[in-house]
Amino acid sequence: MLPIDLPLKEKTPPEWVQFPLKDFHNFLLDHASCERKAAALAMSFLSKYADKKAVIEPMVCLAREELEHFHEVWRIIAKKGLEVSPYDEKDPYVTKLMADLRHGRDERFLDRLLMSALIEARGYERFLLLAEALEDPELKDFYRHLAEREAGHYMIFLRIARYYFTETEVAENLERMSQLESKAMLETPFSSRLH
Ligand SMILES: [Fe+2]
Ligand SMILES: [Fe+2]
């Protein structure tokens, strides 16, 4: 049971959590890369939409916070002596979502905000599942605390969307994109990765 009302159409099937648990080292490497990509995504809003004042403040804070998460995961990785690949692997779930973004500056801006909100919501949902399933007390605590900090991230993007677009535009497109997100989530075979 999730403590907050997420904009997700479908819950992650409960068996998902067994995949990261089975290959937790690989999960950590992917998780570090997800945090770095989340920081880069916030940075990309800062450069693509530098003319939009309501974007700057929250995206600077988010980029810093996601980079801090990357740092924390990287420390766990370093402590375990794991080898880090110099390349980020393509994320099939995100690639599927990107393919459905509309063209046109305003349409794409709204879709990027909604896609980011949904990716954040999914990440939060899965960190929480993982925190519940982990047995190692240190890691369990880390993921519980991380989930708490990720919980509000999806709202940051929705707030920006509601600032620049009407309630109807946001609601209609969130409905469309959340259907696409759940479809992409269910179509992506489970692995040790976050998505
Ligand atoms: Fe994060
Ligand atoms: Fe996040």
# chains A, B, ... in the order shown; residues from 1 in each chain; ligands from 1
>>> residues_near_ligand(ligand="ligand 1", cutoff="7 Å", atoms="only C-alpha atoms and all ligand atoms", output="JSON, numbers by chain")
{"A": [35, 38, 65, 66, 69, 150]}
>>> residues_near_ligand(ligand="ligand 2", cutoff="12 Å", atoms="only C-alpha atoms and all ligand atoms", output="number ranges by chain")
A: 31-32, 34-42, 59, 61-70, 116-127, 146-157
>>> write_last_selection(atoms="N, CA and C atoms", output="CSV table (one decimal), in the first residue's frame")
chain,number,residue,atom,x,y,z
A,31,HIS,N,21.1,1.9,-10.5
A,31,HIS,CA,20.5,2.9,-9.7
A,31,HIS,C,21.3,4.2,-9.7
A,32,ALA,N,22.7,4.0,-9.6
A,32,ALA,CA,23.6,5.1,-9.6
A,32,ALA,C,23.4,5.9,-10.9
A,34,CYS,N,20.7,5.9,-12.8
A,34,CYS,CA,19.4,6.6,-12.8
A,34,CYS,C,19.4,7.9,-12.1
A,35,GLU,N,20.2,7.9,-11.0
A,35,GLU,CA,20.2,9.2,-10.2
A,35,GLU,C,21.0,10.2,-11.0
A,36,ARG,N,22.1,9.8,-11.7
A,36,ARG,CA,22.9,10.7,-12.5
A,36,ARG,C,22.0,11.3,-13.6
A,37,LYS,N,21.2,10.3,-14.2
A,37,LYS,CA,20.3,10.8,-15.4
A,37,LYS,C,19.2,11.7,-14.9
A,38,ALA,N,18.7,11.5,-13.6
A,38,ALA,CA,17.7,12.4,-13.1
A,38,ALA,C,18.3,13.8,-12.9
A,39,ALA,N,19.5,13.8,-12.4
A,39,ALA,CA,20.2,15.2,-12.2
A,39,ALA,C,20.4,15.8,-13.6
A,40,ALA,N,20.8,15.0,-14.6
A,40,ALA,CA,21.0,15.6,-16.0
A,40,ALA,C,19.7,16.0,-16.6
A,41,LEU,N,18.6,15.3,-16.3
A,41,LEU,CA,17.3,15.7,-16.8
A,41,LEU,C,16.8,17.1,-16.2
A,42,ALA,N,17.1,17.3,-14.9
A,42,ALA,CA,16.7,18.6,-14.3
A,42,ALA,C,17.6,19.7,-14.9
A,59,MET,N,14.2,23.3,-10.5
A,59,MET,CA,15.1,22.4,-11.2
A,59,MET,C,16.5,22.5,-10.7
A,61,CYS,N,17.2,23.0,-7.5
A,61,CYS,CA,17.2,22.2,-6.2
A,61,CYS,C,17.1,20.7,-6.6
A,62,LEU,N,16.3,20.4,-7.6
A,62,LEU,CA,16.2,18.9,-7.9
A,62,LEU,C,17.5,18.4,-8.4
A,63,ALA,N,18.2,19.1,-9.3
A,63,ALA,CA,19.5,18.6,-9.9
A,63,ALA,C,20.5,18.4,-8.7
A,64,ARG,N,20.5,19.3,-7.8
A,64,ARG,CA,21.4,19.2,-6.6
A,64,ARG,C,21.1,17.9,-5.9
A,65,GLU,N,19.8,17.7,-5.6
A,65,GLU,CA,19.3,16.6,-4.8
A,65,GLU,C,19.6,15.3,-5.5
A,66,GLU,N,19.3,15.2,-6.8
A,66,GLU,CA,19.5,13.9,-7.5
A,66,GLU,C,21.0,13.6,-7.6
A,67,LEU,N,21.8,14.7,-7.7
A,67,LEU,CA,23.3,14.5,-7.7
A,67,LEU,C,23.8,13.9,-6.4
A,68,GLU,N,23.2,14.4,-5.3
A,68,GLU,CA,23.5,14.0,-3.9
A,68,GLU,C,23.1,12.5,-3.8
A,69,HIS,N,22.0,12.1,-4.4
A,69,HIS,CA,21.5,10.7,-4.4
A,69,HIS,C,22.6,9.9,-5.1
A,70,PHE,N,23.0,10.4,-6.3
A,70,PHE,CA,24.0,9.7,-7.0
A,70,PHE,C,25.3,9.4,-6.2
A,116,SER,N,8.4,13.2,-16.9
A,116,SER,CA,9.3,13.2,-15.7
A,116,SER,C,8.6,12.9,-14.4
A,117,ALA,N,7.4,13.5,-14.3
A,117,ALA,CA,6.6,13.2,-13.1
A,117,ALA,C,6.3,11.7,-13.0
A,118,LEU,N,6.0,11.1,-14.1
A,118,LEU,CA,5.6,9.7,-14.0
A,118,LEU,C,6.8,8.8,-13.7
A,119,ILE,N,8.0,9.2,-14.3
A,119,ILE,CA,9.2,8.4,-14.0
A,119,ILE,C,9.6,8.5,-12.6
A,120,GLU,N,9.4,9.7,-12.0
A,120,GLU,CA,9.7,9.9,-10.6
A,120,GLU,C,8.7,9.1,-9.7
A,121,ALA,N,7.4,9.1,-10.1
A,121,ALA,CA,6.4,8.4,-9.3
A,121,ALA,C,6.8,6.9,-9.3
A,122,ARG,N,7.1,6.4,-10.5
A,122,ARG,CA,7.5,5.0,-10.6
A,122,ARG,C,8.7,4.6,-9.8
A,123,GLY,N,9.7,5.5,-9.9
A,123,GLY,CA,10.9,5.3,-9.1
A,123,GLY,C,10.6,5.2,-7.6
A,124,TYR,N,9.8,6.2,-7.2
A,124,TYR,CA,9.4,6.2,-5.7
A,124,TYR,C,8.7,4.9,-5.4
A,125,GLU,N,7.8,4.5,-6.2
A,125,GLU,CA,7.0,3.3,-5.9
A,125,GLU,C,7.9,2.1,-5.7
A,126,ARG,N,9.0,2.0,-6.6
A,126,ARG,CA,9.9,0.8,-6.6
A,126,ARG,C,10.9,0.9,-5.5
A,127,PHE,N,11.3,2.1,-5.2
A,127,PHE,CA,12.3,2.2,-4.0
A,127,PHE,C,11.6,1.7,-2.7
A,146,LEU,N,15.6,7.0,1.2
A,146,LEU,CA,15.7,7.5,-0.1
A,146,LEU,C,14.2,7.7,-0.7
A,147,ALA,N,13.4,6.7,-0.4
A,147,ALA,CA,12.0,6.7,-0.9
A,147,ALA,C,11.3,7.9,-0.3
A,148,GLU,N,11.6,8.2,1.0
A,148,GLU,CA,10.9,9.4,1.6
A,148,GLU,C,11.3,10.7,0.9
A,149,ARG,N,12.6,10.7,0.5
A,149,ARG,CA,13.1,12.0,-0.2
A,149,ARG,C,12.6,12.0,-1.7
A,150,GLU,N,12.3,10.8,-2.3
A,150,GLU,CA,11.8,10.8,-3.6
A,150,GLU,C,10.3,11.1,-3.7
A,151,ALA,N,9.6,10.9,-2.6
A,151,ALA,CA,8.2,10.9,-2.6
A,151,ALA,C,7.5,12.1,-3.2
A,152,GLY,N,8.1,13.3,-3.0
A,152,GLY,CA,7.5,14.5,-3.5
A,152,GLY,C,8.0,15.0,-4.9
A,153,HIS,N,9.0,14.2,-5.5
A,153,HIS,CA,9.6,14.7,-6.7
A,153,HIS,C,8.6,14.8,-7.9
A,154,TYR,N,7.6,13.8,-7.9
A,154,TYR,CA,6.7,13.9,-9.1
A,154,TYR,C,5.8,15.1,-9.0
A,155,MET,N,5.6,15.6,-7.8
A,155,MET,CA,4.8,16.8,-7.6
A,155,MET,C,5.5,18.1,-8.1
A,156,ILE,N,6.8,18.1,-8.1
A,156,ILE,CA,7.5,19.2,-8.5
A,156,ILE,C,7.2,19.5,-10.0
A,157,PHE,N,7.2,18.4,-10.8
A,157,PHE,CA,7.0,18.5,-12.2
A,157,PHE,C,5.5,18.9,-12.5
>>> residues_around(residues="A:Arg75", least_positions_apart="3", cutoff="12 Å", atoms="only C-alpha atoms", output="count of residues only")
15
>>> atom_distance(atom1="atom CA of A:Trp74", atom2="atom CA of A:Arg144")
17.2 Å
>>> closest_atom_pairs(of="stretch 49-90 of chain A", to="stretch 158-168 of chain A", cutoff="9 Å", atoms="only C-alpha atoms", output="tab-separated table")
residue	atom	partner	partner_atom	distance
A:Ala54	CA	A:Ile160	CA	6.6
A:Val55	CA	A:Ile160	CA	6.7
A:Pro58	CA	A:Ile160	CA	8.7
>>> closest_residue(among="A:Ala184, A:Ile76, A:Asp106, A:Val170", to="A:Leu139", atoms="only C-alpha atoms")
A:Ile76
>>> atom_distance(atom1="atom CA of A:Leu101", atom2="atom CA of A:Arg176")
10.7 Å
>>> decode(residues="stretch 7-26 of chain A", atoms="N, CA and C atoms", output="PDB file, in the first residue's frame")
ATOM      1  N   PRO A   7       0.219   9.220  -9.567  1.00  0.00           N
ATOM      2  CA  PRO A   7      -0.527   9.279 -10.829  1.00  0.00           C
ATOM      3  C   PRO A   7      -0.261   8.070 -11.729  1.00  0.00           C
ATOM      4  N   LEU A   8      -0.099   6.885 -11.134  1.00  0.00           N
ATOM      5  CA  LEU A   8       0.227   5.688 -11.925  1.00  0.00           C
ATOM      6  C   LEU A   8      -1.031   4.870 -12.167  1.00  0.00           C
ATOM      7  N   LYS A   9      -1.202   4.429 -13.430  1.00  0.00           N
ATOM      8  CA  LYS A   9      -2.406   3.646 -13.770  1.00  0.00           C
ATOM      9  C   LYS A   9      -2.326   2.219 -13.241  1.00  0.00           C
ATOM     10  N   GLU A  10      -1.119   1.670 -13.317  1.00  0.00           N
ATOM     11  CA  GLU A  10      -0.937   0.271 -12.884  1.00  0.00           C
ATOM     12  C   GLU A  10       0.178   0.215 -11.850  1.00  0.00           C
ATOM     13  N   LYS A  11      -0.036  -0.616 -10.839  1.00  0.00           N
ATOM     14  CA  LYS A  11       1.040  -0.817  -9.861  1.00  0.00           C
ATOM     15  C   LYS A  11       2.084  -1.762 -10.445  1.00  0.00           C
ATOM     16  N   THR A  12       3.319  -1.631  -9.991  1.00  0.00           N
ATOM     17  CA  THR A  12       4.348  -2.607 -10.360  1.00  0.00           C
ATOM     18  C   THR A  12       3.928  -3.962  -9.794  1.00  0.00           C
ATOM     19  N   PRO A  13       3.915  -5.022 -10.635  1.00  0.00           N
ATOM     20  CA  PRO A  13       3.582  -6.345 -10.094  1.00  0.00           C
ATOM     21  C   PRO A  13       4.550  -6.717  -8.960  1.00  0.00           C
ATOM     22  N   PRO A  14       4.033  -7.307  -7.876  1.00  0.00           N
ATOM     23  CA  PRO A  14       4.879  -7.557  -6.692  1.00  0.00           C
ATOM     24  C   PRO A  14       6.101  -8.429  -6.971  1.00  0.00           C
ATOM     25  N   GLU A  15       6.033  -9.279  -8.012  1.00  0.00           N
ATOM     26  CA  GLU A  15       7.189 -10.167  -8.277  1.00  0.00           C
ATOM     27  C   GLU A  15       8.416  -9.381  -8.786  1.00  0.00           C
ATOM     28  N   TRP A  16       8.205  -8.124  -9.236  1.00  0.00           N
ATOM     29  CA  TRP A  16       9.337  -7.335  -9.750  1.00  0.00           C
ATOM     30  C   TRP A  16      10.505  -7.312  -8.759  1.00  0.00           C
ATOM     31  N   VAL A  17      10.188  -7.121  -7.485  1.00  0.00           N
ATOM     32  CA  VAL A  17      11.231  -6.861  -6.493  1.00  0.00           C
ATOM     33  C   VAL A  17      12.240  -8.016  -6.370  1.00  0.00           C
ATOM     34  N   GLN A  18      11.820  -9.219  -6.750  1.00  0.00           N
ATOM     35  CA  GLN A  18      12.740 -10.362  -6.678  1.00  0.00           C
ATOM     36  C   GLN A  18      13.920 -10.197  -7.637  1.00  0.00           C
ATOM     37  N   PHE A  19      13.708  -9.470  -8.739  1.00  0.00           N
ATOM     38  CA  PHE A  19      14.767  -9.342  -9.755  1.00  0.00           C
ATOM     39  C   PHE A  19      15.943  -8.492  -9.238  1.00  0.00           C
ATOM     40  N   PRO A  20      15.701  -7.269  -8.730  1.00  0.00           N
ATOM     41  CA  PRO A  20      16.839  -6.537  -8.137  1.00  0.00           C
ATOM     42  C   PRO A  20      17.441  -7.249  -6.931  1.00  0.00           C
ATOM     43  N   LEU A  21      16.610  -7.941  -6.141  1.00  0.00           N
ATOM     44  CA  LEU A  21      17.162  -8.637  -4.959  1.00  0.00           C
ATOM     45  C   LEU A  21      18.133  -9.742  -5.379  1.00  0.00           C
ATOM     46  N   LYS A  22      17.802 -10.412  -6.510  1.00  0.00           N
ATOM     47  CA  LYS A  22      18.633 -11.522  -6.983  1.00  0.00           C
ATOM     48  C   LYS A  22      20.003 -11.049  -7.471  1.00  0.00           C
ATOM     49  N   ASP A  23      20.050  -9.850  -8.042  1.00  0.00           N
ATOM     50  CA  ASP A  23      21.320  -9.329  -8.560  1.00  0.00           C
ATOM     51  C   ASP A  23      21.482  -7.898  -8.063  1.00  0.00           C
ATOM     52  N   PHE A  24      21.662  -7.779  -6.775  1.00  0.00           N
ATOM     53  CA  PHE A  24      21.613  -6.453  -6.159  1.00  0.00           C
ATOM     54  C   PHE A  24      22.785  -5.573  -6.584  1.00  0.00           C
ATOM     55  N   HIS A  25      23.935  -6.186  -6.883  1.00  0.00           N
ATOM     56  CA  HIS A  25      25.081  -5.379  -7.315  1.00  0.00           C
ATOM     57  C   HIS A  25      24.762  -4.666  -8.619  1.00  0.00           C
ATOM     58  N   ASN A  26      24.153  -5.402  -9.518  1.00  0.00           N
ATOM     59  CA  ASN A  26      23.785  -4.797 -10.802  1.00  0.00           C
ATOM     60  C   ASN A  26      22.717  -3.721 -10.607  1.00  0.00           C
TER      61      ASN A  26
END
